[in-house]
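Structure file data_3.tsv (TSV, N, CA, C and O atoms) follows.
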chain	number	residue	atom	x	y	z
G	696	MET	N	-1.50	-0.16	-11.97
G	696	MET	CA	-1.45	0.07	-10.55
G	696	MET	C	-2.71	-0.49	-9.88
G	696	MET	O	-2.66	-0.87	-8.73
G	697	PHE	N	-3.83	-0.55	-10.56
G	697	PHE	CA	-5.05	-1.10	-9.98
G	697	PHE	C	-5.20	-2.56	-10.36
G	697	PHE	O	-4.78	-2.99	-11.40
G	698	PHE	N	-5.83	-3.31	-9.49
G	698	PHE	CA	-6.36	-4.60	-9.89
G	698	PHE	C	-7.72	-4.73	-9.23
G	698	PHE	O	-7.98	-4.13	-8.20
G	699	ASN	N	-8.59	-5.46	-9.87
G	699	ASN	CA	-9.96	-5.50	-9.39
G	699	ASN	C	-10.23	-6.69	-8.49
G	699	ASN	O	-9.80	-7.80	-8.76
G	700	ASP	N	-10.91	-6.44	-7.45
G	700	ASP	CA	-11.40	-7.41	-6.50
G	700	ASP	C	-12.91	-7.25	-6.57
G	700	ASP	O	-13.40	-6.19	-6.91
G	701	ARG	N	-13.68	-8.26	-6.28
G	701	ARG	CA	-15.13	-8.13	-6.38
G	701	ARG	C	-15.69	-7.05	-5.47
G	701	ARG	O	-16.70	-6.45	-5.77
G	702	ARG	N	-15.04	-6.80	-4.36
G	702	ARG	CA	-15.54	-5.83	-3.41
G	702	ARG	C	-15.10	-4.42	-3.73
G	702	ARG	O	-15.80	-3.47	-3.46
G	703	SER	N	-13.89	-4.24	-4.25
G	703	SER	CA	-13.39	-2.89	-4.53
G	703	SER	C	-12.09	-2.99	-5.30
G	703	SER	O	-11.54	-4.06	-5.48
G	704	SER	N	-11.58	-1.84	-5.70
G	704	SER	CA	-10.28	-1.78	-6.35
G	704	SER	C	-9.21	-1.51	-5.30
G	704	SER	O	-9.43	-0.77	-4.34
G	705	LEU	N	-8.07	-2.11	-5.49
G	705	LEU	CA	-6.95	-1.93	-4.58
G	705	LEU	C	-5.75	-1.43	-5.36
G	705	LEU	O	-5.56	-1.78	-6.51
G	706	LEU	N	-4.94	-0.63	-4.70
G	706	LEU	CA	-3.67	-0.18	-5.27
G	706	LEU	C	-2.60	-1.09	-4.69
G	706	LEU	O	-2.59	-1.35	-3.48
G	707	LYS	N	-1.71	-1.56	-5.52
G	707	LYS	CA	-0.69	-2.53	-5.11
G	707	LYS	C	0.69	-1.90	-5.21
G	707	LYS	O	1.02	-1.27	-6.22
G	708	PHE	N	1.51	-2.09	-4.16
G	708	PHE	CA	2.84	-1.50	-4.10
G	708	PHE	C	3.87	-2.52	-3.65
G	708	PHE	O	3.58	-3.38	-2.81
G	709	ASP	N	5.08	-2.40	-4.19
G	709	ASP	CA	6.24	-3.11	-3.65
G	709	ASP	C	6.88	-2.12	-2.68
G	709	ASP	O	7.44	-1.10	-3.09
G	710	VAL	N	6.76	-2.40	-1.39
G	710	VAL	CA	7.29	-1.52	-0.36
G	710	VAL	C	8.58	-2.14	0.16
G	710	VAL	O	8.56	-2.98	1.07
G	711	PHE	N	9.68	-1.81	-0.49
G	711	PHE	CA	11.00	-2.32	-0.13
G	711	PHE	C	11.02	-3.84	-0.05
G	711	PHE	O	11.56	-4.43	0.89
G	712	GLY	N	10.40	-4.48	-1.05
G	712	GLY	CA	10.42	-5.93	-1.15
G	712	GLY	C	9.20	-6.62	-0.57
G	712	GLY	O	9.03	-7.83	-0.73
G	713	LYS	N	8.31	-5.88	0.07
G	713	LYS	CA	7.08	-6.46	0.64
G	713	LYS	C	5.89	-5.92	-0.15
G	713	LYS	O	5.80	-4.71	-0.39
G	714	THR	N	4.99	-6.81	-0.55
G	714	THR	CA	3.81	-6.37	-1.30
G	714	THR	C	2.75	-5.86	-0.32
G	714	THR	O	2.37	-6.56	0.61
G	715	MET	N	2.33	-4.63	-0.57
G	715	MET	CA	1.30	-4.01	0.28
G	715	MET	C	0.19	-3.48	-0.62
G	715	MET	O	0.42	-3.15	-1.79
G	716	LEU	N	-1.00	-3.44	-0.07
G	716	LEU	CA	-2.18	-2.99	-0.79
G	716	LEU	C	-2.79	-1.80	-0.06
G	716	LEU	O	-2.79	-1.75	1.17
G	717	VAL	N	-3.31	-0.86	-0.83
G	717	VAL	CA	-3.99	0.30	-0.26
G	717	VAL	C	-5.39	0.36	-0.87
G	717	VAL	O	-5.54	0.26	-2.08
G	718	GLN	N	-6.38	0.51	-0.01
G	718	GLN	CA	-7.77	0.55	-0.43
G	718	GLN	C	-8.41	1.84	0.08
G	718	GLN	O	-8.18	2.25	1.22
G	719	ARG	N	-9.20	2.47	-0.77
G	719	ARG	CA	-9.97	3.65	-0.35
G	719	ARG	C	-11.35	3.17	0.04
G	719	ARG	O	-12.04	2.54	-0.76
G	720	LYS	N	-11.74	3.41	1.29
G	720	LYS	CA	-13.05	2.97	1.77
G	720	LYS	C	-13.65	4.05	2.64
G	720	LYS	O	-13.05	4.47	3.63
G	721	GLU	N	-14.84	4.50	2.24
G	721	GLU	CA	-15.58	5.53	2.97
G	721	GLU	C	-14.71	6.75	3.27
G	721	GLU	O	-14.70	7.29	4.37
G	722	GLY	N	-13.90	7.16	2.28
G	722	GLY	CA	-13.06	8.35	2.40
G	722	GLY	C	-11.73	8.13	3.08
G	722	GLY	O	-10.90	9.03	3.12
G	723	ALA	N	-11.50	6.95	3.64
G	723	ALA	CA	-10.24	6.66	4.33
G	723	ALA	C	-9.39	5.71	3.51
G	723	ALA	O	-9.90	4.91	2.73
G	724	TRP	N	-8.07	5.82	3.66
G	724	TRP	CA	-7.14	4.87	3.05
G	724	TRP	C	-6.86	3.76	4.05
G	724	TRP	O	-6.53	4.03	5.21
G	725	LEU	N	-6.98	2.51	3.62
G	725	LEU	CA	-6.68	1.34	4.45
G	725	LEU	C	-5.45	0.66	3.88
G	725	LEU	O	-5.33	0.49	2.66
G	726	LEU	N	-4.55	0.21	4.74
G	726	LEU	CA	-3.30	-0.42	4.32
G	726	LEU	C	-3.31	-1.88	4.73
G	726	LEU	O	-3.71	-2.23	5.84
G	727	PHE	N	-2.85	-2.75	3.81
G	727	PHE	CA	-2.80	-4.19	4.04
G	727	PHE	C	-1.45	-4.75	3.59
G	727	PHE	O	-0.84	-4.23	2.66
G	728	ILE	N	-1.03	-5.83	4.23
G	728	ILE	CA	0.11	-6.62	3.75
G	728	ILE	C	-0.48	-7.77	2.96
G	728	ILE	O	-1.40	-8.45	3.44
G	729	ASP	N	0.04	-8.00	1.77
G	729	ASP	CA	-0.43	-9.08	0.90
G	729	ASP	C	0.46	-10.30	1.13
G	729	ASP	O	1.68	-10.22	1.02
G	730	SER	N	-0.16	-11.43	1.44
G	730	SER	CA	0.60	-12.65	1.71
G	730	SER	C	1.15	-13.29	0.44
G	730	SER	O	2.05	-14.12	0.51
G	731	GLY	N	0.60	-12.92	-0.71
G	731	GLY	CA	1.00	-13.55	-1.96
G	731	GLY	C	0.21	-14.83	-2.21
G	731	GLY	O	0.35	-15.46	-3.25
G	732	LEU	N	-0.63	-15.22	-1.25
G	732	LEU	CA	-1.44	-16.43	-1.36
G	732	LEU	C	-2.93	-16.10	-1.39
G	732	LEU	O	-3.77	-16.96	-1.11
G	733	GLY	N	-3.26	-14.86	-1.68
G	733	GLY	CA	-4.65	-14.45	-1.71
G	733	GLY	C	-5.17	-13.94	-0.38
G	733	GLY	O	-6.33	-13.59	-0.27
G	734	LEU	N	-4.33	-13.92	0.63
G	734	LEU	CA	-4.73	-13.41	1.94
G	734	LEU	C	-4.08	-12.06	2.16
G	734	LEU	O	-2.98	-11.80	1.68
G	735	ARG	N	-4.75	-11.22	2.92
G	735	ARG	CA	-4.15	-9.94	3.28
G	735	ARG	C	-4.49	-9.64	4.73
G	735	ARG	O	-5.55	-10.01	5.22
G	736	SER	N	-3.56	-8.96	5.38
G	736	SER	CA	-3.80	-8.58	6.77
G	736	SER	C	-3.68	-7.06	6.90
G	736	SER	O	-2.80	-6.44	6.32
G	737	ARG	N	-4.60	-6.50	7.65
G	737	ARG	CA	-4.68	-5.05	7.81
G	737	ARG	C	-3.53	-4.55	8.68
G	737	ARG	O	-3.16	-5.16	9.68
G	738	VAL	N	-2.96	-3.42	8.28
G	738	VAL	CA	-1.93	-2.74	9.05
G	738	VAL	C	-2.63	-1.59	9.77
G	738	VAL	O	-3.03	-0.61	9.14
G	739	PHE	N	-2.78	-1.72	11.08
G	739	PHE	CA	-3.53	-0.72	11.84
G	739	PHE	C	-2.63	0.39	12.39
G	739	PHE	O	-3.12	1.46	12.74
G	740	ASP	N	-1.33	0.14	12.50
G	740	ASP	CA	-0.46	1.14	13.13
G	740	ASP	C	0.08	2.18	12.16
G	740	ASP	O	0.88	3.03	12.55
G	741	VAL	N	-0.34	2.15	10.90
G	741	VAL	CA	0.02	3.18	9.93
G	741	VAL	C	-1.27	3.82	9.45
G	741	VAL	O	-2.16	3.15	8.93
G	742	VAL	N	-1.39	5.12	9.65
G	742	VAL	CA	-2.56	5.87	9.21
G	742	VAL	C	-2.15	6.72	8.01
G	742	VAL	O	-1.21	7.51	8.10
G	743	ILE	N	-2.84	6.52	6.91
G	743	ILE	CA	-2.56	7.30	5.71
G	743	ILE	C	-3.54	8.49	5.70
G	743	ILE	O	-4.75	8.28	5.77
G	744	PRO	N	-3.01	9.71	5.63
G	744	PRO	CA	-3.90	10.89	5.63
G	744	PRO	C	-4.93	10.83	4.51
G	744	PRO	O	-4.60	10.50	3.36
G	745	THR	N	-6.16	11.15	4.83
G	745	THR	CA	-7.25	11.05	3.85
G	745	THR	C	-7.08	12.01	2.68
G	745	THR	O	-7.57	11.73	1.59
G	746	GLU	N	-6.35	13.11	2.88
G	746	GLU	CA	-6.20	14.09	1.80
G	746	GLU	C	-5.19	13.68	0.73
G	746	GLU	O	-5.10	14.31	-0.33
G	747	LEU	N	-4.44	12.60	0.96
G	747	LEU	CA	-3.48	12.15	-0.05
G	747	LEU	C	-4.21	11.62	-1.27
G	747	LEU	O	-5.25	10.97	-1.15
G	748	THR	N	-3.64	11.88	-2.44
G	748	THR	CA	-4.18	11.33	-3.68
G	748	THR	C	-3.48	10.01	-3.99
G	748	THR	O	-2.47	9.68	-3.38
G	749	GLU	N	-4.02	9.29	-4.96
G	749	GLU	CA	-3.39	8.03	-5.38
G	749	GLU	C	-1.93	8.26	-5.78
G	749	GLU	O	-1.07	7.43	-5.51
G	750	GLN	N	-1.65	9.39	-6.41
G	750	GLN	CA	-0.30	9.70	-6.87
G	750	GLN	C	0.65	9.95	-5.70
G	750	GLN	O	1.86	9.83	-5.85
G	751	ASP	N	0.13	10.32	-4.55
G	751	ASP	CA	0.95	10.60	-3.37
G	751	ASP	C	1.31	9.36	-2.56
G	751	ASP	O	2.19	9.41	-1.70
G	752	LEU	N	0.60	8.26	-2.79
G	752	LEU	CA	0.73	7.10	-1.90
G	752	LEU	C	2.13	6.47	-1.91
G	752	LEU	O	2.66	6.14	-0.84
G	753	ALA	N	2.74	6.29	-3.07
G	753	ALA	CA	4.07	5.67	-3.12
G	753	ALA	C	5.07	6.50	-2.32
G	753	ALA	O	5.86	5.95	-1.55
G	754	GLY	N	5.05	7.80	-2.48
G	754	GLY	CA	5.96	8.67	-1.73
G	754	GLY	C	5.71	8.61	-0.24
G	754	GLY	O	6.64	8.60	0.57
G	755	TYR	N	4.43	8.55	0.15
G	755	TYR	CA	4.09	8.47	1.57
G	755	TYR	C	4.58	7.15	2.17
G	755	TYR	O	5.20	7.13	3.24
G	756	LEU	N	4.33	6.05	1.48
G	756	LEU	CA	4.79	4.74	1.96
G	756	LEU	C	6.31	4.70	2.03
G	756	LEU	O	6.89	4.11	2.95
G	757	ASP	N	6.97	5.34	1.07
G	757	ASP	CA	8.44	5.43	1.09
G	757	ASP	C	8.90	6.16	2.35
G	757	ASP	O	9.83	5.72	3.03
G	758	ASP	N	8.26	7.27	2.68
G	758	ASP	CA	8.61	8.03	3.89
G	758	ASP	C	8.38	7.22	5.17
G	758	ASP	O	9.21	7.22	6.07
G	759	ILE	N	7.26	6.54	5.24
G	759	ILE	CA	6.90	5.78	6.45
G	759	ILE	C	7.81	4.57	6.66
G	759	ILE	O	8.22	4.27	7.78
G	760	PHE	N	8.11	3.84	5.59
G	760	PHE	CA	8.85	2.59	5.70
G	760	PHE	C	10.30	2.69	5.25
G	760	PHE	O	10.96	1.67	5.01
G	761	HIS	N	10.86	3.91	5.15
G	761	HIS	CA	12.21	4.09	4.61
G	761	HIS	C	13.29	3.28	5.33
G	761	HIS	O	14.29	2.92	4.73
G	762	GLU	N	13.08	2.96	6.59
G	762	GLU	CA	14.10	2.18	7.33
G	762	GLU	C	14.22	0.76	6.79
G	762	GLU	O	15.19	0.07	7.10
G	763	HIS	N	13.27	0.32	5.96
G	763	HIS	CA	13.33	-1.02	5.37
G	763	HIS	C	14.01	-1.03	4.00
G	763	HIS	O	14.12	-2.09	3.38
G	764	SER	N	14.46	0.14	3.55
G	764	SER	CA	15.11	0.18	2.24
G	764	SER	C	16.44	-0.56	2.28
G	764	SER	O	17.07	-0.70	3.32
G	765	SER	N	16.82	-1.06	1.12
G	765	SER	CA	18.07	-1.80	1.00
G	765	SER	C	18.63	-1.56	-0.40
G	765	SER	O	17.98	-0.95	-1.24
G	766	GLU	N	19.81	-2.07	-0.63
G	766	GLU	CA	20.40	-1.95	-1.97
G	766	GLU	C	19.52	-2.64	-3.00
G	766	GLU	O	19.34	-2.15	-4.11
G	767	LYS	N	18.97	-3.79	-2.63
G	767	LYS	CA	18.13	-4.55	-3.54
G	767	LYS	C	16.76	-3.89	-3.74
G	767	LYS	O	16.17	-3.97	-4.81
G	768	HIS	N	16.23	-3.25	-2.69
G	768	HIS	CA	14.92	-2.60	-2.74
G	768	HIS	C	15.04	-1.17	-2.21
G	768	HIS	O	14.68	-0.87	-1.09
G	769	PRO	N	15.54	-0.24	-3.07
G	769	PRO	CA	15.79	1.13	-2.59
G	769	PRO	C	14.57	2.05	-2.60
G	769	PRO	O	14.63	3.13	-2.01
G	770	HIS	N	13.46	1.63	-3.24
G	770	HIS	CA	12.30	2.53	-3.39
G	770	HIS	C	10.99	1.76	-3.29
G	770	HIS	O	10.95	0.56	-3.48
G	771	VAL	N	9.92	2.50	-3.03
G	771	VAL	CA	8.57	1.96	-3.12
G	771	VAL	C	8.14	2.09	-4.58
G	771	VAL	O	8.32	3.14	-5.20
G	772	ILE	N	7.56	1.02	-5.12
G	772	ILE	CA	7.18	1.00	-6.52
G	772	ILE	C	5.69	0.62	-6.63
G	772	ILE	O	5.26	-0.36	-6.02
G	773	ALA	N	4.94	1.39	-7.40
G	773	ALA	CA	3.54	1.03	-7.69
G	773	ALA	C	3.54	-0.14	-8.64
G	773	ALA	O	4.29	-0.14	-9.64
G	774	LEU	N	2.75	-1.16	-8.37
G	774	LEU	CA	2.67	-2.36	-9.20
G	774	LEU	C	1.34	-2.39	-9.95
G	774	LEU	O	0.36	-1.80	-9.52
G	775	LYS	N	1.32	-3.13	-11.04
G	775	LYS	CA	0.08	-3.28	-11.83
G	775	LYS	C	-0.61	-4.54	-11.45
G	775	LYS	O	-0.09	-5.46	-10.95

Would it be possible to restate this file's structure as structure tokens?
Amino acid sequence: MFFNDRRSSLLKFDVFGKTMLVQRKEGAWLLFIDSGLGLRSRVFDVVIPTELTEQDLAGYLDDIFHEHSSEKHPHVIALK
């Protein structure tokens, strides 16, 4: 579920077919969309509660983005 970046560790998820990254920074969770080309863009309109644990993130992302689910991508999946 983790992969290392020189600046920090990121959690990587398949969110209904879209790769998203979650980073813990200064006590807050930050959400990014991964371009697949080494670029990422911050998602500012989704706030992840600071009290969530790493184990809670997939379920939270599933709840927030559930309208994007499909037969091909029915769940949020933590990636390695």

Item to complete: Take atom CA of Asp709 of chain G and atom CA of Leu774 of chain G and report the distance between them in Å, one decimal.
Response: 6.6 Å

Fill in: strand (DSSP E) residues, from DSSP on the backbone, in segment 709-773 of chain G, as a PyMOL selection string
chain G and resi 709-710+713-720+723-729+735-737+771-773

Worksheet item: Which of these, G:Val717, G:Leu725, G:Leu705, G:Ile743, has the shortest distance to Tyr755 of chain G once you count only N, CA, C and O atoms?
Response: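 Looking at the shortest contact to Tyr755 of chain G, the residue is G:Ile743.
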
Item to complete: Run DSSP on the backbone of this structure and report the residues of chain G it assigns to alpha helix (DSSP H), as a PyMOL selection string.
Response: chain G and resi 752-760

Discussion item. Report, in Å to a single decimal, how far apart atom CA of His761 of chain G and atom CA of Glu721 of chain G are.
Written reply: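 Separating atom CA of Glu721 of chain G from atom CA of His761 of chain G is a distance of 27.9 Å.
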
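Atom pair atom CA of His768 of chain G / atom CA of Lys720 of chain G has a distance of 28.9 Å (rounded to one decimal).
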
Worksheet item: Between G:Gly712, G:Pro744, G:Leu706, G:Asp751, which has the minimum distance to Ser765 of chain G (counting all atoms listed in the file)?
Response: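 Closest to Ser765 of chain G, using all atoms listed in the file: G:Gly712.
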